Each structure stands twice: as C-alpha cells, then as structure tokens.
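> Coordinates in input_29.txt, compact mmCIF, C-alpha atoms, are listed below.
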```
# COMPACT_ATOMS: atom_id res chain seq x y z
CA LEU A 1 -36.30 -58.09 -23.53
CA MET A 2 -35.09 -57.50 -27.08
CA GLU A 3 -31.69 -56.30 -25.90
CA ILE A 4 -31.42 -59.16 -23.42
CA LEU A 5 -32.21 -61.73 -26.09
CA ARG A 6 -29.77 -60.14 -28.50
CA SER A 7 -26.99 -60.47 -25.95
CA LEU A 8 -27.73 -64.14 -25.37
CA ARG A 9 -28.67 -65.64 -28.67
CA THR A 10 -27.10 -68.83 -29.88
CA HIS A 11 -27.21 -68.89 -33.65
CA TRP A 12 -28.44 -71.78 -35.76
CA SER A 13 -27.29 -71.67 -39.38
CA TRP A 14 -29.73 -73.71 -41.42
CA LEU A 15 -28.91 -75.55 -44.62
CA LEU A 16 -32.34 -77.07 -45.15
CA GLY A 17 -31.64 -78.39 -48.60
CA SER A 18 -28.57 -80.35 -47.59
CA SER A 19 -27.76 -83.27 -45.33
CA SER A 20 -26.35 -81.16 -42.53
CA ILE A 21 -27.38 -78.17 -40.44
CA SER A 22 -24.87 -76.00 -38.66
CA LEU A 23 -25.26 -74.11 -35.42
CA SER A 24 -23.08 -71.34 -34.06
CA PRO A 25 -23.59 -70.19 -30.46
CA ALA A 26 -22.83 -66.56 -29.76
CA THR A 27 -21.11 -65.06 -26.76
CA VAL A 28 -23.34 -65.09 -23.70
CA SER A 29 -23.40 -62.56 -20.88
CA ARG A 30 -24.16 -64.45 -17.68
CA GLY A 31 -25.57 -61.41 -15.92
CA ALA A 32 -27.97 -60.71 -18.75
CA HIS A 33 -28.73 -64.40 -19.04
CA LEU A 34 -29.99 -64.48 -15.48
CA ARG A 35 -32.43 -61.66 -16.26
CA PHE A 36 -33.50 -63.44 -19.41
CA LEU A 37 -34.34 -66.64 -17.55
CA LYS A 38 -36.44 -64.81 -15.00
CA ILE A 39 -38.40 -62.96 -17.66
CA LEU A 40 -38.84 -65.87 -19.99
CA VAL A 41 -39.65 -68.87 -17.85
CA SER A 42 -40.00 -67.54 -14.30
CA LEU A 43 -37.66 -70.08 -12.73
CA ILE A 44 -37.66 -70.07 -8.92
CA PRO A 45 -34.64 -68.47 -7.23
CA LEU A 46 -33.70 -71.53 -5.18
CA ALA A 47 -33.10 -73.67 -8.23
CA ILE A 48 -29.64 -74.71 -9.29
CA LEU A 49 -29.66 -73.63 -12.90
CA PHE A 50 -27.25 -74.43 -15.70
CA VAL A 51 -26.98 -72.24 -18.78
CA LEU A 52 -24.71 -71.94 -21.78
CA GLY A 53 -21.78 -70.15 -20.25
CA ALA A 54 -19.87 -67.04 -21.24
CA GLN A 55 -16.67 -69.03 -21.38
CA ALA A 56 -18.10 -70.67 -24.48
CA ALA A 57 -16.68 -67.72 -26.37
CA GLY A 58 -13.21 -67.94 -27.78
CA GLN A 59 -10.33 -66.02 -26.28
CA ASN A 60 -10.59 -63.41 -29.03
CA GLY A 61 -14.32 -62.96 -28.55
CA GLU A 62 -15.10 -65.19 -31.51
CA LYS A 63 -18.39 -67.03 -31.54
CA PRO A 64 -17.93 -70.75 -30.86
CA SER A 65 -19.65 -73.09 -33.29
CA LEU A 66 -21.69 -76.26 -33.01
CA ARG A 67 -22.45 -78.14 -36.18
CA VAL A 68 -25.79 -79.89 -36.09
CA GLY A 69 -25.52 -83.51 -37.17
CA ALA A 70 -27.32 -84.85 -40.21
CA LEU A 71 -30.49 -86.72 -39.29
CA PRO A 72 -30.49 -90.16 -40.98
CA LYS A 73 -33.34 -91.09 -43.32
CA GLN A 74 -34.52 -93.73 -40.86
CA SER A 75 -34.60 -90.95 -38.25
CA VAL A 76 -33.94 -91.67 -34.58
CA LYS A 77 -35.82 -94.01 -32.28
CA LEU A 78 -37.25 -91.64 -29.71
CA ASP A 79 -36.52 -93.55 -26.51
CA GLY A 80 -34.56 -90.97 -24.54
CA VAL A 81 -31.30 -92.84 -25.11
CA LEU A 82 -28.78 -91.22 -27.43
CA SER A 83 -27.57 -94.55 -28.81
CA GLU A 84 -27.74 -94.05 -32.58
CA PRO A 85 -24.45 -93.53 -34.46
CA ALA A 86 -25.56 -90.04 -35.51
CA TRP A 87 -25.49 -88.90 -31.87
CA ALA A 88 -21.96 -90.23 -31.39
CA THR A 89 -20.59 -88.09 -34.21
CA ALA A 90 -22.63 -84.93 -33.55
CA ASP A 91 -20.98 -81.91 -31.95
CA SER A 92 -21.96 -81.04 -28.38
CA ILE A 93 -22.65 -78.16 -26.05
CA THR A 94 -20.93 -79.16 -22.81
CA ASN A 95 -19.87 -75.93 -21.09
CA LEU A 96 -23.00 -75.01 -19.17
CA VAL A 97 -22.42 -73.14 -15.91
CA THR A 98 -24.53 -72.55 -12.81
CA ILE A 99 -26.25 -69.21 -12.29
CA GLU A 100 -28.08 -70.03 -9.05
CA PRO A 101 -27.16 -70.22 -6.27
CA ASP A 102 -23.57 -69.57 -7.46
CA GLU A 103 -23.27 -67.63 -10.70
CA GLY A 104 -20.60 -68.93 -13.05
CA GLY A 105 -19.94 -72.10 -11.08
CA VAL A 106 -19.10 -75.52 -12.45
CA PRO A 107 -22.05 -77.93 -12.18
CA ALA A 108 -21.61 -81.09 -10.14
CA GLY A 109 -23.19 -82.98 -13.02
CA GLN A 110 -22.35 -82.15 -16.62
CA THR A 111 -25.07 -81.47 -19.20
CA ILE A 112 -24.41 -82.47 -22.81
CA VAL A 113 -26.68 -81.14 -25.56
CA LYS A 114 -26.62 -82.22 -29.20
CA VAL A 115 -28.82 -81.47 -32.21
CA LEU A 116 -29.70 -83.47 -35.31
CA GLY A 117 -31.84 -82.15 -38.13
CA ASN A 118 -33.06 -82.19 -41.69
CA SER A 119 -35.59 -80.23 -43.72
CA LYS A 120 -38.54 -81.86 -41.92
CA GLU A 121 -37.61 -82.01 -38.25
CA ILE A 122 -35.01 -81.31 -35.61
CA ILE A 123 -34.17 -83.60 -32.72
CA ILE A 124 -32.48 -82.24 -29.62
CA GLY A 125 -30.70 -84.75 -27.41
CA ALA A 126 -29.49 -84.09 -23.89
CA VAL A 127 -27.57 -86.15 -21.36
CA CYS A 128 -28.03 -84.81 -17.83
CA HIS A 129 -25.42 -86.31 -15.54
CA ASP A 130 -26.26 -86.33 -11.85
CA PRO A 131 -23.85 -87.36 -9.05
CA ASP A 132 -26.81 -88.53 -6.94
CA PRO A 133 -29.57 -89.84 -9.25
CA ALA A 134 -31.61 -91.07 -6.28
CA ARG A 135 -32.31 -87.44 -5.40
CA ILE A 136 -33.70 -86.48 -8.80
CA VAL A 137 -37.05 -84.77 -8.28
CA SER A 138 -39.62 -85.58 -10.96
CA PHE A 139 -43.29 -86.04 -10.17
CA SER A 140 -45.33 -84.28 -12.87
CA LYS A 141 -46.95 -86.38 -15.61
CA ALA A 142 -49.50 -84.05 -17.20
CA ARG A 143 -48.98 -81.89 -20.28
CA ASP A 144 -48.09 -78.27 -19.51
CA ALA A 145 -47.60 -78.96 -15.80
CA GLU A 146 -45.59 -76.39 -13.86
CA LEU A 147 -42.08 -77.85 -13.67
CA ASP A 148 -40.49 -75.12 -11.56
CA ASN A 149 -40.11 -77.30 -8.46
CA GLU A 150 -38.56 -80.33 -10.11
CA ASP A 151 -35.68 -81.31 -12.34
CA HIS A 152 -36.18 -80.35 -15.97
CA LEU A 153 -34.55 -79.24 -19.18
CA THR A 154 -35.77 -76.20 -21.14
CA ILE A 155 -35.05 -75.30 -24.75
CA VAL A 156 -35.97 -71.86 -26.12
CA LEU A 157 -35.96 -71.16 -29.87
CA ASP A 158 -36.01 -67.69 -31.40
CA THR A 159 -36.91 -68.56 -34.99
CA PHE A 160 -37.38 -64.98 -36.16
CA GLN A 161 -34.17 -63.54 -34.72
CA ASP A 162 -36.22 -60.58 -33.54
CA GLY A 163 -35.36 -60.82 -29.85
CA ARG A 164 -39.06 -60.57 -28.97
CA THR A 165 -40.69 -63.90 -29.74
CA GLY A 166 -39.79 -67.51 -29.14
CA TYR A 167 -40.84 -71.10 -28.55
CA VAL A 168 -40.34 -72.82 -25.20
CA PHE A 169 -40.03 -76.61 -24.91
CA ALA A 170 -39.38 -78.27 -21.55
CA VAL A 171 -39.32 -81.84 -20.29
CA ASN A 172 -38.73 -83.46 -16.90
CA PRO A 173 -37.07 -86.85 -16.23
CA SER A 174 -40.51 -88.50 -16.16
CA GLY A 175 -41.26 -87.32 -19.69
CA ALA A 176 -43.80 -84.63 -18.79
CA ARG A 177 -43.80 -81.96 -21.49
CA PHE A 178 -44.33 -78.22 -21.29
CA ASP A 179 -44.51 -75.88 -24.26
CA ALA A 180 -45.26 -72.20 -24.55
CA LEU A 181 -45.07 -69.24 -26.86
CA VAL A 182 -43.18 -66.08 -25.99
CA SER A 183 -45.30 -63.17 -27.19
CA PRO A 184 -43.79 -59.95 -28.53
CA GLN A 185 -45.81 -57.93 -26.00
CA GLY A 186 -43.67 -57.74 -22.90
CA GLY A 187 -42.07 -61.14 -23.24
CA GLU A 188 -45.03 -62.92 -21.66
CA VAL A 189 -45.16 -66.71 -21.93
CA ASN A 190 -48.41 -68.19 -23.22
CA SER A 191 -48.66 -71.82 -22.08
CA ASP A 192 -52.04 -72.21 -23.83
CA TRP A 193 -50.10 -72.70 -27.06
CA ASP A 194 -49.72 -76.41 -27.80
CA ALA A 195 -47.58 -77.63 -30.66
CA VAL A 196 -47.14 -81.04 -32.23
CA TRP A 197 -43.88 -82.39 -30.84
CA GLU A 198 -42.56 -85.40 -28.96
CA ALA A 199 -40.20 -86.10 -26.11
CA SER A 200 -38.90 -89.23 -24.49
CA THR A 201 -36.67 -89.64 -21.45
CA SER A 202 -34.59 -92.34 -19.84
CA ARG A 203 -32.97 -92.70 -16.43
CA ASP A 204 -29.92 -94.70 -15.38
CA ASN A 205 -27.37 -94.77 -12.58
CA GLY A 206 -25.64 -91.72 -14.05
CA GLY A 207 -28.62 -89.39 -14.24
CA TRP A 208 -31.16 -88.97 -17.02
CA SER A 209 -31.36 -88.17 -20.71
CA ALA A 210 -33.93 -86.83 -23.15
CA GLU A 211 -34.69 -86.71 -26.85
CA ILE A 212 -37.00 -83.99 -28.17
CA ARG A 213 -38.39 -84.16 -31.71
CA ILE A 214 -39.83 -80.95 -33.16
CA PRO A 215 -41.35 -81.03 -36.67
CA ILE A 216 -40.42 -77.97 -38.71
CA GLN A 217 -44.12 -77.58 -39.53
CA SER A 218 -44.82 -76.91 -35.84
CA LEU A 219 -42.74 -73.74 -35.98
CA ARG A 220 -43.17 -70.44 -37.72
CA PHE A 221 -39.93 -68.86 -38.82
CA LYS A 222 -38.70 -66.08 -41.04
CA ARG A 223 -37.66 -67.48 -44.36
CA GLY A 224 -34.27 -66.52 -45.64
CA LEU A 225 -32.67 -66.38 -42.20
CA SER A 226 -29.28 -68.02 -41.86
CA SER A 227 -29.61 -68.43 -38.11
CA TRP A 228 -32.01 -69.03 -35.24
CA GLY A 229 -31.69 -68.19 -31.56
CA LEU A 230 -31.21 -70.97 -28.99
CA ASN A 231 -31.18 -71.00 -25.20
CA VAL A 232 -30.52 -74.11 -23.09
CA GLN A 233 -31.43 -74.31 -19.40
CA ARG A 234 -31.39 -77.11 -16.86
CA ARG A 235 -32.75 -77.12 -13.32
CA VAL A 236 -31.50 -79.57 -10.70
```
What would you get if you wrote out this structure as structure tokens?

Amino acid sequence: LMEILRSLRTHWSWLLGSSSISLSPATVSRGAHLRFLKILVSLIPLAILFVLGAQAAGQNGEKPSLRVGALPKQSVKLDGVLSEPAWATADSITNLVTIEPDEGGVPAGQTIVKVLGNSKEIIIGAVCHDPDPARIVSFSKARDAELDNEDHLTIVLDTFQDGRTGYVFAVNPSGARFDALVSPQGGEVNSDWDAVWEASTSRDNGGWSAEIRIPIQSLRFKRGLSSWGLNVQRRV
C-alpha cells in the first residue's frame, strides 16, 4: 500500500501563516491507481469511476500544480453551490479519467474540483456534471452509509505523507456523509472514526455539486511538512 500511495500522491503545499495555500498534484499511474482504489475504499467493479488522470503530468514528466485559493474571512456559505467569488478565481482539477469500465477514458460528464483554505479550515468544492441528471442514483441519508451503489464523490487525504495512513471523506448528491480512517496496518478502512466536518450538496439540470468543509483541528498531521497527499474519486 505504501508504494501504491507513493505513486499516486497529489501534493498539497501548505502556507498556513499566509492568505493562500498551494497544491501540487504529482504524476499518477492509472494502473496503480486502480489497485489503490480497491484497497482503500472497496469500490464495486461495475462502477464508472473517475480519478485524477496520468495525463495531468506535463510532457516532461513535471508535476502539474494547483494553487489552493485563499479562503475569505467571511468564509463560504456551505450550500453546495460554488457561487462565491473565491471559487471563480481558484484553480481547478478538471482532467479526471475513467478507470472502470474503460480505463483511461474521457468521462461523459466532467468533474471539476477546487480547494480553498486558511489556517483554520479547508473547503473542497466539486462540480459533477452529468449528461442525464434524471438518472443520478442517490438514496442514502444516514451518516456513514455504504455509498458503493450510488453516485458519490470521495476525497482521501494523506496528511503524514507516509503512504500508510489517511482520511476518507465522501458525500452523495443527497448530502449523506461518510468518513473513515485508513489505518497503517494493512490499509484497512475504519468507518467507526467520526470527525467534525460538514458537507452540503445541490442539484440542477446539469448534474450536482458539493462543498466539503474540514476544520484543521479534525485532522492530525505531521508538522513541518510542505505537502499532503490527495486523491479524488467520483462514482457515477
């Protein structure tokens, strides 16, 4: 699991004392990424899954970068709609690719992921376009419900850069939340772990969107690190 995580990590460079936080995603191996998803969140094989694609890397193998936008003092209204000016100016992850059923394919609906942050919290925003919103599957309402059989977005954070531990945050279009802790023993996911965090979603005729607020105090992390690991997954 350590080697798999190391090959997939997206790096967050934190400047906690300033008004901006930068993020730099590393090159991703799609083959390894598929193994990582199966180990980490046990996603069912029939799902259409989007992940941060290998083509995110530059032509010279350079790591692409995503600068996290500064979170305004008045923060963001958590309504699932990325309507605040800070979202409009924040950089985006847009080049997710399918890994199931067709590995490396172009999704029918684009997924856009952005991040805002400051020294107290991070907010992850996602716009999940869907060419046929009427067919979105979302029925769970309870906390920590199994979301494998419905549309959802999953964020995984590796805040120690050790390739062995991590935090899992997932939300479906109905706003049902799932969180878990990846233990260093065998990469098992402990869903009994419950953190303080929020999520809100919104649906329209173009698909659905989500905003996820995670207080820094809800996470343990190794001080002095200049980067965190990030994995983004979407099931349709």
> Between A:Lys222, A:Arg164, A:Arg143, A:Arg235, which is the closest to Trp193 of chain A once you count all atoms listed in the file?
A:Arg143
> Quick one: of A:Trp87, A:Gly206, A:Gly224, A:Pro101, who's nearest to Ile124 of chain A, counting all atoms listed in the file?
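Checking each candidate against Ile124 of chain A, we get A:Trp87 as the closest.
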> May I have the residues within 10 Å of Lys120 of chain A as a ChimeraX atom specification, using only C-alpha atoms and disregarding those fewer than 4 positions away in the same chain?
/A:16,71,214-217
> Quick one: residues within 8 Å of (-45.4, -74.3, -30.0) (file frame), counting only C-alpha atoms, please, as a list of chain:residue names.
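So the residues meeting the distance criterion are A:Tyr167, A:Val168, A:Phe169, A:Asp179, A:Ala180, A:Leu181, A:Trp193, A:Asp194, A:Ala195, A:Val196, A:Ser218, A:Leu219.
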> Find the residue from A:Val171, A:Leu230, A:Glu150, A:Val81 that sits nearest to Asp204 of chain A; use all atoms listed in the file when measuring.
A:Val81
> Hey, can you check how far atom CA of Asp130 of chain A sits from atom CA of Arg67 of chain A?
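Between these atoms lies a distance of 26.0 Å.
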> Got a sec: who's within 10 Å of Arg203 of chain A, counting all atoms listed in the file, leaving out chain neighbours fewer than 4 positions off, as a list in words?
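My reading of the contact set: Gly80, Val81, Val127, Cys128, His129, Pro133, Ile136, Pro173, Ser174, Gly207, Trp208, Ser209 and Ala210 of chain A.
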> Find the residue from A:Asp192, A:Leu157, A:Glu100, A:Ala170 that sits nearest to Arg220 of chain A; use all atoms listed in the file when measuring.
A:Leu157
> Calculate how many Å separate atom CA of Ala176 of chain A from atom CA of Thr111 of chain A, rounding to one decimal.
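Here the two named atoms are 19.0 Å from each other.
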> Can you work out the spacing between atom CA of Pro131 of chain A and atom CA of Glu146 of chain A in Å, to one decimal?
24.8 Å
